[in-house]
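Colleague: I am attaching a structure below and will ask some questions about it afterwards.
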Amino acid sequence: MVLLAGSPPLTGSGTVRVIVQDVNDHSPEFELQAYSASVMENLEPGTFVLQPTATDQDQGLNAKIRYSLLGENVDRFTVDPETGLVQTSALLDRERTPQYYLTLVARDSSETEPRASAVNLTVTVLDDNDNSPSFSAERFTVYVPDRTRAGEMFYYGAGGQSMCIGGPAGQFVFGGKATDADTGANSHITFSLSGADADKFTLDPQTGVIKAGVELTGSRPYVLQVDAMDGAKVPRTASAGLEVRLRPGELFPTITAPQTHFTLPEDSAAGRLITQLAATSPKPGPAGRMQFQIAGGNAADALRMDVATGEVVVGAGLDFESAPRYTVWVEAQDSDIPALRSVVQLVIDVTDANDNPPVMESSLYNSTIMEEERFSTGVAQRVGRCGSKGRQVCHKGSAGVAQRVKQVWLKGSAGMAQRVGRYGSKGRQVPPQSVITVRASDADSGINGEVTYRLTTDGDGSFEMDSESGEIFTSTRLDRESVASYQLTVEALDRGSPQLTGTATVRGITATIYLEGLEDSFESSGIFETKGWSCWLCGQLLSWMQSSRTLHRLRLYFFVQVMVTVLDKNDNPPRFTRLFSVNVTENADPGAFVIRVTSSDQDIGENANASYILVENPGEKFAIDPLTGNVTVAGPLDRETQDEYLLKVGLVVLPTVRTILMYTNYAYVLGMRKVAALDGSWRADTPLTITIMDQNDNSPEFEHSYYNFHFPELQQSVVFVGQVAAIDRDKQGPNSIISYSLKYPSDLFTVDPASGELFSKRSLSEFDPPLVRMLTLLARCCRYKHTALESSPENQYMLTVMATDNGKPPMSSECLVTVNVVDANNNPPQFDRRGYFSPVPESAILGQQVMKVAARDDKDFGVNAEIEYIKTGGNGSELFDIGKKSGWFSVSRTLSGRLLQYYTVTVRAVDKGVPPRHDEVAVVLVVTGENKLSPVFTALSYQVIVPENEPVGSVILTLSAADGDEGPNGMVRYSISSGNEQGEFGVSPVSGTVTIRQPLDYDTVQEYRLNITATDLGFEPRAATAMLTVTLTDVNDNAPKFNQSVFDSFIPENSPPKSFVYRVKATDADSPKNAVIQYSIVGGSGKDLFIIESKTGEILSKNSFDYEEKDLYVLDILAANPDSTMYGSTKVRVHITGTNEYYPRFIQPVFHFDVSESAEVGTSVGLIQATDQDNGEDGKVYYLFVGSSNDRGFSINPETAEIRVSRHLDRETQSRVVLTVLAKNAGGIRGNDTDEAQVIVSVQDGNDPPEFLQSDYEAEVSEGASTGTRVLTVKAIDKDVRPQNNQFSYSIIGGNTGHAFKVDPQTGDVETTSHLDRETITGYVLTIGAIDVGAPPQTGTTTVRISVTDINDNGPVLDPPDVMGYVSENEPAGTSVMTLGATDPDLPPNGAPFMFNLAGGRHRDMVSIEKHTGVVRTTKSVDREQTPKLEILVSAAED
């Protein structure tokens, strides 16, 4: 803006546009910190995995993102660089790789400084049931004591060997065990029993344990089959055979157990001793040495057993929730063959440990609550008194307040009412309101499953929670306009020991699990993240907790989100968003949209539902929608009458629709001038200015809506067709100027745009045949006017003429113009015959139709083609009439007494054109009597012999039939009625002459049987039929034919003369006398070297042939009929096959080659060569090493003779290698049919790898060492002389778990690259390579062992974590209850000794703890009836 210092001051302004150009200062950002997906194994490549999205705040190329994948096994996936769509590129196998850890990179497309970001992508492969259960052997044999009863027990042999068992220790027979590589239900195996003796045994389908069902006696074996089936929807099965045999019971070992029933906590550590068994065998010596193992029932490998000592210890772990009792059989076997075994049953009852965290009933809670519930102090006090009494309803105060308080109390509990009382007694303005109650469950039992609650986020103190019931209530007044919603986090805690509160450290990484609907994330310092609450991650964590027995070191955050939405109250007035004005064109249609009036309100929902009315609306020309604020046209607008309207819009916010209607009616009564404010409503007004704009609102109008013009055909020049005219009621300016056009362009007509005159485009002579065809098509598509013919063609063109004004936008109208193409009637009708003849019976009655004439006019159209028939003369005009339209002749006078008299009638066919055209024909009618006789042939059948080559048109026979009647009744006409389907013959209808119409072929048809019919010309004709047999005779018209144009034959070289070569055969379709064939050789390269038997076609050789000289001859063979020009020909190719006449010979006796000692396996050394003068397969040479040459480090290709390196070479060991090579033909060696040569290979010096000064290095580093700490230095040397071989660099090529170390490529310094944790990894074994730059490069390696030393970075943990003590009631104070123990994963001296303290608990005042020993003692006598158990919270710290 420019300001002038004048008086008054003047200003000028302009716009300066500043464009900020983008620089690439933002990296792409993914929507999530990490991604996870799952995909089923065995799906085809191209299966969808997921499609993550990244965004970039830059613009242009700086914001164009391309995606890529990194990581191990990344070749099994592909990512679309444009869309980020991740798909599989190979079949996935869960059993091989259950999870893939990839890195997804998003990189922008900046040309100068591209930026990128990466996230972790974890792909979990879901299990498909692609593995069947499997037994350890296909068959098992079991030996049991004889006379074993159902109450006795025996065992089986493992590994498919026959074994014996014994001992009356139950009824155990066999423990079926199968494995399945799948997971979940696909790996859950159930067992079944079948076979001939299955009814004598019982089987536990879950454990596979087989027991005797009856007493087992006799000497025959019992045959069973054990079947295993997995739990998939389409299960897989496996089977194993089982044979049970009896043996004397006194041979079996005796097994003893000090105890067989045990009780253990489920979190017992792996390796904990349960019991130790002992056993003896009646067999002396080595055969009686005993071994122990678990026999069966060991679910999930919960236990394991020492094979030598018989100790039974905890194995994979116990789980109270899945199996509160384990029934396991253990065995002792001797060392005899077969080994005999006895078993004993162990029963282990499992007690519950607090190993399951609480789980919320819902992963997300939603609740609503009304904002700002205000009360006076007095009301609050009354609420307080009501609450203190625990009452449900308070009747004092205003009715509205009482109702709201009642609603609060009805939602809450007695405890809630007490809180209301406390709030009221303190004189606070707002009582607490119940929000929602959350609930959680715990899979543990007893106190471990009791759940309490607490808020970890409370909305800045706006909410509180009942720890026992899980009820959440407000603690302050809520204002929706300040905070519309709250997200509270509720933590569920159990009362177990240790208490699972939700906070945990997973291997040093803090983990948080958020449950939000179905979108949950597992955050682990940016390492893990998963979505989809199938609790897969929780299951994995708990499985790891239980399997590793580190539950006491693991604390998990299990939160649930509570979404509290604050409901709105109408406590804010509405406001219009701006001043409104708008332009509207005149003549806008009623209901046309004008403008939308908008407003804003800080309230929401119904409290923000603004209702609009027009307070002032002159002329009632406009209307407003009360809900949307859309203003529309309600009446006609005319700018010439009024060009502007000033309206006033009123805005009201009312709580209900009914109130809105009340308000609207009330405003109407007041004449839209003043509105009274209603209770609870808000009001605002604003002016609305509407300006009426002029519009081209009149379309041109034609004088007539329809025009009809005639256009004669055959016009010789461009002619005027007609004129259309239109007017526009817009009287001024371009809105009234009209131009004419055709809506659809025409090739025949055009219109003058100014005058509206319609012209033909060109003369008819220019229309040429295309126009004629078009007119013909037009005529056949439509109908002529003023015609009675149903099928008459059309003679019209339909044109649409448009009249358009020059307004903006222009307006137009249309009219229909019909151009009739008028026919010129320049073609007369034509009769279908040039004369008609018909008999008429003398007995014909008056009006009887006797014959019909017909004429057509196909070249004209419409009335010009409509025909009428009239009589113009003849002596029969008085006797016969003709139908004017039909052409039918009928009798008009009696014909009696006019027998055999001829009458002629001249008939004219006249069209209706102007002038009319006509055609005439004579009709002859003969009066006949009764047709009494039929025609009679001279014979009933005729026969004629015709050569097959008789020319077409030849007369083969003339037939004759007589008829004794007079006149037409005696006139005979002939026809072929059957046997002439292909039309080979014809007959003259008058003379009866039979002629050939198509060529005849004896080879196709040898005989024809024709029915010739003779019919008289009577009014009611009579007929007779005779048979004509035409027999064809053969002529030699078919040449001999070979079925192939070329034949191939083979003859060995050196075959003697007159050896059989081939036999050709031709066929002839003629009859035998004409089908005699003679064969001859008429040409070809072997014409003089072969002969052929003329009658049989057998070809023989004249000479002996040499394959090496020539191996192919061609013979031209002719097959001809004797004394005829008919012949056929073919070619015979005679192939000379070779024989092995020559043997291989090397081109030189010794071959010399050089090769580097560093050459890799497969390196080519050179080619040798031997030749063979034979051709073909007999001349093909094969090569092989002889004797010890096969073990000299080289191989030879048997066909190409290429020698390659087959193992590592060492010049220092062997610098010169002599090989013997044999050359031979295919097949076995028959004697001197081979040749030998020597190959001398000189091994040259190569690139040797660098060598480290030490083969092993050892070092220590503290787990507290900072990143970049040097650990040690490795050193290597390269003894190669050439510089290109002795330059090298260092690299870590193995063992670098977690990429914890790096090595300087030049100095060999090994340094740390990340934080180390001894408790996770106690040491590293690195493989460091020294890689030179030779071709190819060589690598020397050394091993570096790095031990991680301990620092005090872990606190102590109680051991065991759920220790339980016991004390009898009424014992004096000071009685010892238990002794606490603790462990610390750190090494001494960073661990023990520990100091124990009493940290809390409900009964902390009833016990004391000795700080150093951990002894817990009572401080007072305990009464069991009052206190059945003591709950205390203990802490352990390093001393």
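We name chains A, B, ... following the order of the structure tokens; residues begin at 1 in each chain, and ligands are numbered from 1 as shown.
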Looking only at strand (DSSP E) from DSSP on the backbone, list the matching residues of region 1207-1335 of chain A as a VMD selection string.
Modeller: chain A and resid 1216 to 1224 1235 to 1244 1251 to 1252 1256 to 1262 1270 to 1273 1276 to 1277 1288 to 1294 1301 to 1303 1309 to 1312 1323 to 1332
Colleague: Write out as number ranges by chain which residues come within 7 Å of region 186-191 of chain A when counting only C-alpha atoms, dropping same-chain ones fewer than 3 positions away.
Modeller: A: 129, 180-183, 205-206, 208, 226-232
Colleague: Which residues are close to Ala299 (chain A), i.e. within 10 Å by only C-alpha atoms, leaving aside same-chain residues fewer than 2 positions away? Reply as a list in words.
Modeller: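 My list of contacting residues is Gln206, Thr207, Gly296, Gly297, Asp301, Ala302, Leu303, Ala316, Leu318, Ala323, Tyr326, Thr327 and Val328 of chain A.
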Colleague: Neighbours of Gly1323 (chain A) within 12 Å (only C-alpha atoms; same-chain residues fewer than 5 positions away dropped), as a PyMOL selection string?
Modeller: chain A and resi 1258-1263+1295-1297+1300-1301+1316-1318+1344-1350
Colleague: Take the residues from that selection and put them in a file with all heavy atoms, as a short mmCIF file (atom, residue, chain, number, x, y, z; two decimals), in the first residue's frame.
Modeller:
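Listed below is the output, out.cif:
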data_model
loop_
_atom_site.label_atom_id
_atom_site.label_comp_id
_atom_site.auth_asym_id
_atom_site.auth_seq_id
_atom_site.Cartn_x
_atom_site.Cartn_y
_atom_site.Cartn_z
N GLU A 1258 40.94 -64.02 22.34
CA GLU A 1258 40.03 -63.95 23.47
C GLU A 1258 40.13 -62.57 24.10
O GLU A 1258 41.22 -62.00 24.19
CB GLU A 1258 40.35 -65.03 24.52
CG GLU A 1258 40.07 -66.45 24.04
CD GLU A 1258 40.25 -67.47 25.14
OE1 GLU A 1258 40.60 -67.05 26.27
OE2 GLU A 1258 40.04 -68.67 24.87
N ALA A 1259 38.97 -62.04 24.56
CA ALA A 1259 38.95 -60.72 25.18
C ALA A 1259 37.73 -60.62 26.08
O ALA A 1259 36.82 -61.46 26.02
CB ALA A 1259 38.92 -59.63 24.12
N GLU A 1260 37.74 -59.63 26.95
CA GLU A 1260 36.62 -59.35 27.84
C GLU A 1260 36.19 -57.90 27.66
O GLU A 1260 37.00 -57.02 27.36
CB GLU A 1260 37.00 -59.58 29.31
CG GLU A 1260 37.23 -61.03 29.68
CD GLU A 1260 37.51 -61.19 31.17
OE1 GLU A 1260 37.72 -60.16 31.84
OE2 GLU A 1260 37.53 -62.34 31.65
N VAL A 1261 34.86 -57.67 27.84
CA VAL A 1261 34.32 -56.33 27.78
C VAL A 1261 33.17 -56.23 28.77
O VAL A 1261 32.40 -57.18 28.94
CB VAL A 1261 33.85 -55.96 26.36
CG1 VAL A 1261 32.74 -56.88 25.89
CG2 VAL A 1261 33.40 -54.50 26.28
N SER A 1262 33.09 -55.11 29.46
CA SER A 1262 32.03 -54.93 30.47
C SER A 1262 30.71 -54.67 29.77
O SER A 1262 30.65 -54.01 28.73
CB SER A 1262 32.39 -53.75 31.38
OG SER A 1262 31.28 -53.43 32.22
N GLU A 1263 29.64 -55.22 30.37
CA GLU A 1263 28.32 -54.96 29.80
C GLU A 1263 27.93 -53.50 29.94
O GLU A 1263 27.01 -53.03 29.27
CB GLU A 1263 27.26 -55.85 30.44
CG GLU A 1263 27.02 -55.58 31.92
CD GLU A 1263 25.86 -56.42 32.47
OE1 GLU A 1263 24.90 -56.66 31.73
OE2 GLU A 1263 25.93 -56.83 33.64
N GLY A 1295 28.67 -64.61 13.55
CA GLY A 1295 28.58 -64.60 15.00
C GLY A 1295 28.25 -63.27 15.62
O GLY A 1295 28.17 -63.18 16.86
N ASN A 1296 28.01 -62.25 14.83
CA ASN A 1296 27.80 -60.90 15.38
C ASN A 1296 26.32 -60.72 15.69
O ASN A 1296 25.60 -59.97 15.02
CB ASN A 1296 28.29 -59.85 14.40
CG ASN A 1296 28.40 -58.47 15.03
OD1 ASN A 1296 28.35 -58.34 16.25
ND2 ASN A 1296 28.56 -57.45 14.20
N THR A 1297 25.85 -61.40 16.73
CA THR A 1297 24.44 -61.35 17.11
C THR A 1297 24.04 -59.93 17.48
O THR A 1297 24.67 -59.29 18.32
CB THR A 1297 24.18 -62.29 18.29
OG1 THR A 1297 24.62 -63.61 17.95
CG2 THR A 1297 22.69 -62.31 18.65
N ALA A 1300 26.42 -56.32 17.48
CA ALA A 1300 26.93 -55.67 18.68
C ALA A 1300 28.35 -55.14 18.50
O ALA A 1300 28.79 -54.30 19.29
CB ALA A 1300 26.89 -56.66 19.86
N PHE A 1301 29.09 -55.61 17.48
CA PHE A 1301 30.48 -55.21 17.31
C PHE A 1301 30.73 -54.81 15.86
O PHE A 1301 29.96 -55.16 14.96
CB PHE A 1301 31.43 -56.36 17.70
CG PHE A 1301 31.30 -56.79 19.13
CD1 PHE A 1301 30.42 -57.84 19.47
CD2 PHE A 1301 32.01 -56.17 20.15
CE1 PHE A 1301 30.28 -58.24 20.78
CE2 PHE A 1301 31.87 -56.58 21.45
CZ PHE A 1301 31.00 -57.61 21.78
N LEU A 1316 25.54 -53.62 25.58
CA LEU A 1316 25.62 -55.06 25.82
C LEU A 1316 24.86 -55.42 27.09
O LEU A 1316 24.77 -54.62 28.02
CB LEU A 1316 27.08 -55.51 25.94
CG LEU A 1316 28.00 -55.14 24.76
CD1 LEU A 1316 29.42 -55.61 25.04
CD2 LEU A 1316 27.48 -55.75 23.47
N ASP A 1317 24.34 -56.61 27.13
CA ASP A 1317 23.61 -57.08 28.31
C ASP A 1317 24.07 -58.50 28.60
O ASP A 1317 23.75 -59.42 27.86
CB ASP A 1317 22.09 -57.04 28.06
CG ASP A 1317 21.31 -57.44 29.31
OD1 ASP A 1317 21.90 -57.51 30.40
OD2 ASP A 1317 20.09 -57.70 29.18
N ARG A 1318 24.85 -58.66 29.67
CA ARG A 1318 25.39 -59.98 29.99
C ARG A 1318 24.28 -60.96 30.32
O ARG A 1318 24.39 -62.16 30.04
CB ARG A 1318 26.36 -59.88 31.18
CG ARG A 1318 27.13 -61.19 31.46
CD ARG A 1318 27.63 -61.26 32.87
NE ARG A 1318 26.53 -61.25 33.82
CZ ARG A 1318 25.79 -62.33 34.12
NH1 ARG A 1318 26.05 -63.48 33.53
NH2 ARG A 1318 24.81 -62.26 34.98
N VAL A 1344 37.20 -64.92 17.25
CA VAL A 1344 37.39 -63.99 18.37
C VAL A 1344 36.31 -64.31 19.40
O VAL A 1344 35.11 -64.21 19.11
CB VAL A 1344 37.27 -62.53 17.90
CG1 VAL A 1344 37.40 -61.60 19.10
CG2 VAL A 1344 38.33 -62.23 16.86
N ARG A 1345 36.74 -64.71 20.61
CA ARG A 1345 35.81 -65.03 21.70
C ARG A 1345 35.81 -63.87 22.68
O ARG A 1345 36.84 -63.56 23.28
CB ARG A 1345 36.22 -66.33 22.40
CG ARG A 1345 36.38 -67.50 21.45
CD ARG A 1345 36.83 -68.77 22.16
NE ARG A 1345 37.18 -69.80 21.20
CZ ARG A 1345 36.29 -70.62 20.63
NH1 ARG A 1345 35.01 -70.51 20.96
NH2 ARG A 1345 36.67 -71.53 19.77
N ILE A 1346 34.64 -63.25 22.82
CA ILE A 1346 34.51 -62.07 23.68
C ILE A 1346 33.57 -62.43 24.82
O ILE A 1346 32.41 -62.81 24.60
CB ILE A 1346 33.97 -60.86 22.91
CG1 ILE A 1346 34.90 -60.52 21.75
CG2 ILE A 1346 33.78 -59.66 23.83
CD1 ILE A 1346 34.40 -59.39 20.87
N SER A 1347 34.06 -62.33 26.05
CA SER A 1347 33.25 -62.57 27.24
C SER A 1347 32.73 -61.24 27.77
O SER A 1347 33.51 -60.28 27.90
CB SER A 1347 34.06 -63.29 28.32
OG SER A 1347 34.52 -64.54 27.85
N VAL A 1348 31.46 -61.18 28.10
CA VAL A 1348 30.84 -59.96 28.63
C VAL A 1348 30.89 -60.06 30.15
O VAL A 1348 30.33 -60.99 30.74
CB VAL A 1348 29.39 -59.80 28.12
CG1 VAL A 1348 28.78 -58.52 28.67
CG2 VAL A 1348 29.36 -59.81 26.60
N THR A 1349 31.57 -59.10 30.79
CA THR A 1349 31.67 -59.11 32.26
C THR A 1349 30.49 -58.38 32.87
O THR A 1349 29.85 -57.54 32.25
CB THR A 1349 32.98 -58.45 32.71
OG1 THR A 1349 33.01 -57.10 32.22
CG2 THR A 1349 34.18 -59.21 32.14
N ASP A 1350 30.21 -58.71 34.11
CA ASP A 1350 28.98 -58.28 34.77
C ASP A 1350 29.14 -56.92 35.44
O ASP A 1350 30.22 -56.56 35.92
CB ASP A 1350 28.57 -59.33 35.82
CG ASP A 1350 27.23 -59.01 36.43
OD1 ASP A 1350 26.28 -58.78 35.66
OD2 ASP A 1350 27.14 -58.99 37.66
#
Colleague: Please list as JSON, numbers by chain every residue within 9 Å of Gly60 (chain A), counting only C-alpha atoms and excluding residues in the same chain fewer than 6 positions away.
Modeller: {"A": [22, 109, 110]}
Colleague: Quick one: residues within 12 Å of Thr894 (chain A), only C-alpha atoms, excluding same-chain residues fewer than 3 positions away - as a ChimeraX atom specification?
Modeller: /A:840-848,878-880,890-891,897-899,927
Colleague: Selected residues, N, CA, C and O atoms, written as a tab-separated table (two decimals), in the first residue's frame, please.
Modeller:
chain	number	residue	atom	x	y	z
A	840	VAL	N	-61.38	-75.52	-67.87
A	840	VAL	CA	-62.49	-75.14	-67.00
A	840	VAL	C	-63.55	-76.24	-67.12
A	840	VAL	O	-63.98	-76.56	-68.24
A	841	PRO	N	-63.96	-76.85	-66.03
A	841	PRO	CA	-64.94	-77.93	-66.15
A	841	PRO	C	-66.30	-77.39	-66.62
A	841	PRO	O	-66.72	-76.31	-66.20
A	842	GLU	N	-66.89	-78.16	-67.48
A	842	GLU	CA	-68.22	-77.77	-67.98
A	842	GLU	C	-69.22	-77.65	-66.83
A	842	GLU	O	-70.16	-76.87	-66.87
A	843	SER	N	-68.99	-78.40	-65.80
A	843	SER	CA	-69.92	-78.42	-64.67
A	843	SER	C	-69.65	-77.31	-63.65
A	843	SER	O	-70.24	-77.28	-62.57
A	844	ALA	N	-68.72	-76.38	-63.95
A	844	ALA	CA	-68.40	-75.32	-63.00
A	844	ALA	C	-69.61	-74.48	-62.71
A	844	ALA	O	-70.38	-74.13	-63.63
A	845	ILE	N	-69.81	-74.14	-61.49
A	845	ILE	CA	-70.96	-73.34	-61.08
A	845	ILE	C	-70.59	-71.86	-61.17
A	845	ILE	O	-69.41	-71.50	-61.25
A	846	LEU	N	-71.60	-71.02	-61.15
A	846	LEU	CA	-71.38	-69.60	-61.22
A	846	LEU	C	-70.58	-69.13	-59.99
A	846	LEU	O	-70.85	-69.51	-58.86
A	847	GLY	N	-69.59	-68.29	-60.24
A	847	GLY	CA	-68.76	-67.74	-59.18
A	847	GLY	C	-67.59	-68.62	-58.79
A	847	GLY	O	-66.76	-68.22	-57.96
A	848	GLN	N	-67.49	-69.81	-59.37
A	848	GLN	CA	-66.39	-70.71	-59.01
A	848	GLN	C	-65.09	-70.17	-59.59
A	848	GLN	O	-65.01	-69.81	-60.76
A	878	GLU	N	-67.49	-62.38	-71.65
A	878	GLU	CA	-68.83	-62.46	-71.09
A	878	GLU	C	-69.01	-63.66	-70.18
A	878	GLU	O	-69.96	-63.71	-69.41
A	879	LEU	N	-68.13	-64.66	-70.32
A	879	LEU	CA	-68.30	-65.90	-69.55
A	879	LEU	C	-67.52	-65.87	-68.23
A	879	LEU	O	-67.84	-66.63	-67.30
A	880	PHE	N	-66.49	-65.01	-68.15
A	880	PHE	CA	-65.61	-65.04	-66.99
A	880	PHE	C	-65.40	-63.63	-66.44
A	880	PHE	O	-65.39	-62.64	-67.20
A	890	SER	N	-63.20	-66.15	-62.37
A	890	SER	CA	-64.35	-66.93	-61.89
A	890	SER	C	-65.40	-67.00	-62.99
A	890	SER	O	-65.45	-66.16	-63.90
A	891	VAL	N	-66.22	-68.04	-62.90
A	891	VAL	CA	-67.26	-68.28	-63.93
A	891	VAL	C	-68.41	-67.31	-63.66
A	891	VAL	O	-68.93	-67.21	-62.55
A	897	GLY	N	-72.99	-77.15	-72.49
A	897	GLY	CA	-73.11	-77.17	-73.94
A	897	GLY	C	-71.93	-76.56	-74.63
A	897	GLY	O	-71.97	-76.40	-75.85
A	898	ARG	N	-70.87	-76.15	-73.93
A	898	ARG	CA	-69.71	-75.50	-74.55
A	898	ARG	C	-68.48	-76.40	-74.47
A	898	ARG	O	-67.35	-75.93	-74.42
A	899	LEU	N	-68.65	-77.69	-74.43
A	899	LEU	CA	-67.57	-78.65	-74.27
A	899	LEU	C	-66.52	-78.49	-75.36
A	899	LEU	O	-66.88	-78.37	-76.55
A	927	VAL	N	-63.16	-75.32	-72.12
A	927	VAL	CA	-64.20	-76.00	-71.37
A	927	VAL	C	-64.02	-77.49	-71.57
A	927	VAL	O	-63.98	-77.97	-72.71
Colleague: I need the residue nearest Arg304 (chain A) from this list: A:Ile274, A:Ala287, A:Leu933, A:Val817. Use only C-alpha atoms for the distance.
Modeller: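 Using only C-alpha atoms, Arg304 (chain A) sits closest to A:Ile274.
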Colleague: Skip region 89-97 of chain A itself and residues of its chain fewer than 4 positions away, then list as a VMD selection string all residues within 10 Å of it, counting only C-alpha atoms.
Modeller: chain A and resid 39 to 47 73 to 79 124 to 128 130 to 131 181 to 183
Colleague: Print the selection's residues with N, CA and C atoms to a file, as a short mmCIF file (atom, residue, chain, number, x, y, z; two decimals), in the first residue's frame.
Modeller:
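This is the output file result-v6.cif:
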data_model
loop_
_atom_site.label_atom_id
_atom_site.label_comp_id
_atom_site.auth_asym_id
_atom_site.auth_seq_id
_atom_site.Cartn_x
_atom_site.Cartn_y
_atom_site.Cartn_z
N VAL A 39 0.20 -64.19 6.96
CA VAL A 39 -0.17 -64.78 5.67
C VAL A 39 -0.08 -66.29 5.81
N MET A 40 -1.01 -66.97 5.21
CA MET A 40 -1.06 -68.43 5.27
C MET A 40 0.05 -69.03 4.42
N GLU A 41 0.66 -70.08 4.95
CA GLU A 41 1.69 -70.77 4.19
C GLU A 41 1.08 -71.49 2.99
N ASN A 42 1.92 -71.81 2.01
CA ASN A 42 1.57 -72.60 0.83
C ASN A 42 0.67 -71.87 -0.15
N LEU A 43 0.43 -70.55 0.03
CA LEU A 43 -0.35 -69.82 -0.95
C LEU A 43 0.52 -69.45 -2.14
N GLU A 44 -0.13 -69.26 -3.29
CA GLU A 44 0.61 -68.98 -4.52
C GLU A 44 1.34 -67.64 -4.41
N PRO A 45 2.48 -67.51 -5.11
CA PRO A 45 3.15 -66.20 -5.14
C PRO A 45 2.20 -65.13 -5.65
N GLY A 46 2.36 -63.93 -5.09
CA GLY A 46 1.45 -62.84 -5.43
C GLY A 46 0.36 -62.64 -4.40
N THR A 47 0.40 -63.42 -3.31
CA THR A 47 -0.61 -63.27 -2.25
C THR A 47 -0.41 -61.95 -1.51
N ASN A 73 16.04 -63.07 3.82
CA ASN A 73 14.97 -63.75 3.06
C ASN A 73 14.03 -62.75 2.41
N VAL A 74 14.55 -61.55 2.07
CA VAL A 74 13.68 -60.56 1.44
C VAL A 74 13.26 -61.01 0.05
N ASP A 75 13.96 -61.98 -0.53
CA ASP A 75 13.60 -62.45 -1.85
C ASP A 75 12.26 -63.19 -1.87
N ARG A 76 11.73 -63.51 -0.70
CA ARG A 76 10.43 -64.19 -0.65
C ARG A 76 9.26 -63.20 -0.70
N PHE A 77 9.56 -61.91 -0.76
CA PHE A 77 8.50 -60.90 -0.80
C PHE A 77 8.86 -59.86 -1.84
N THR A 78 7.84 -59.18 -2.34
CA THR A 78 8.03 -58.06 -3.24
C THR A 78 7.20 -56.89 -2.74
N VAL A 79 7.68 -55.70 -3.04
CA VAL A 79 6.92 -54.49 -2.70
C VAL A 79 6.80 -53.64 -3.95
N THR A 124 4.19 -62.88 9.95
CA THR A 124 3.99 -64.17 10.61
C THR A 124 3.33 -65.12 9.62
N VAL A 125 3.91 -66.28 9.45
CA VAL A 125 3.37 -67.30 8.55
C VAL A 125 2.40 -68.17 9.34
N LEU A 126 1.15 -68.16 8.91
CA LEU A 126 0.11 -68.96 9.57
C LEU A 126 0.21 -70.41 9.12
N ASP A 127 -0.21 -71.28 10.01
CA ASP A 127 -0.03 -72.71 9.75
C ASP A 127 -1.11 -73.26 8.84
N ASP A 128 -0.68 -74.06 7.90
CA ASP A 128 -1.58 -74.86 7.06
C ASP A 128 -1.32 -76.32 7.40
N ASP A 130 -0.24 -79.07 6.52
CA ASP A 130 0.50 -79.73 5.46
C ASP A 130 1.46 -80.80 5.98
N ASN A 131 1.33 -81.16 7.24
CA ASN A 131 2.15 -82.23 7.80
C ASN A 131 1.25 -83.25 8.49
N ALA A 181 4.48 -81.66 12.83
CA ALA A 181 5.26 -80.43 12.70
C ALA A 181 4.40 -79.18 12.61
N ASP A 182 3.08 -79.35 12.46
CA ASP A 182 2.20 -78.19 12.42
C ASP A 182 2.02 -77.63 13.83
N THR A 183 1.20 -76.56 13.95
CA THR A 183 0.94 -75.95 15.24
C THR A 183 -0.55 -75.85 15.47
#
Colleague: Which distance in Å separates CA of Gly983 (chain A) and CA of Thr1013 (chain A), to one decimal?
Modeller: 15.7 Å
Colleague: One decimal, Å: what's the distance from CA of Phe1252 (chain A) over to CA of Val1274 (chain A), could you say?
Modeller: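 CA of Phe1252 (chain A) sits 7.6 Å away from CA of Val1274 (chain A).
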Colleague: Rounded to one decimal place, report the CA of Gln276 (chain A)-CA of Thr256 (chain A) distance in Å.
Modeller: 9.2 Å
Colleague: Identify which of the residues A:Leu273, A:Leu1112, A:Val435, A:Ala63 lies closest to Gly1138 (chain A), counting only C-alpha atoms when measuring atom-to-atom distances.
Modeller: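 Checking each of A:Leu273, A:Leu1112, A:Val435, A:Ala63 against Gly1138 (chain A), counting only C-alpha atoms, the winner is A:Leu1112.
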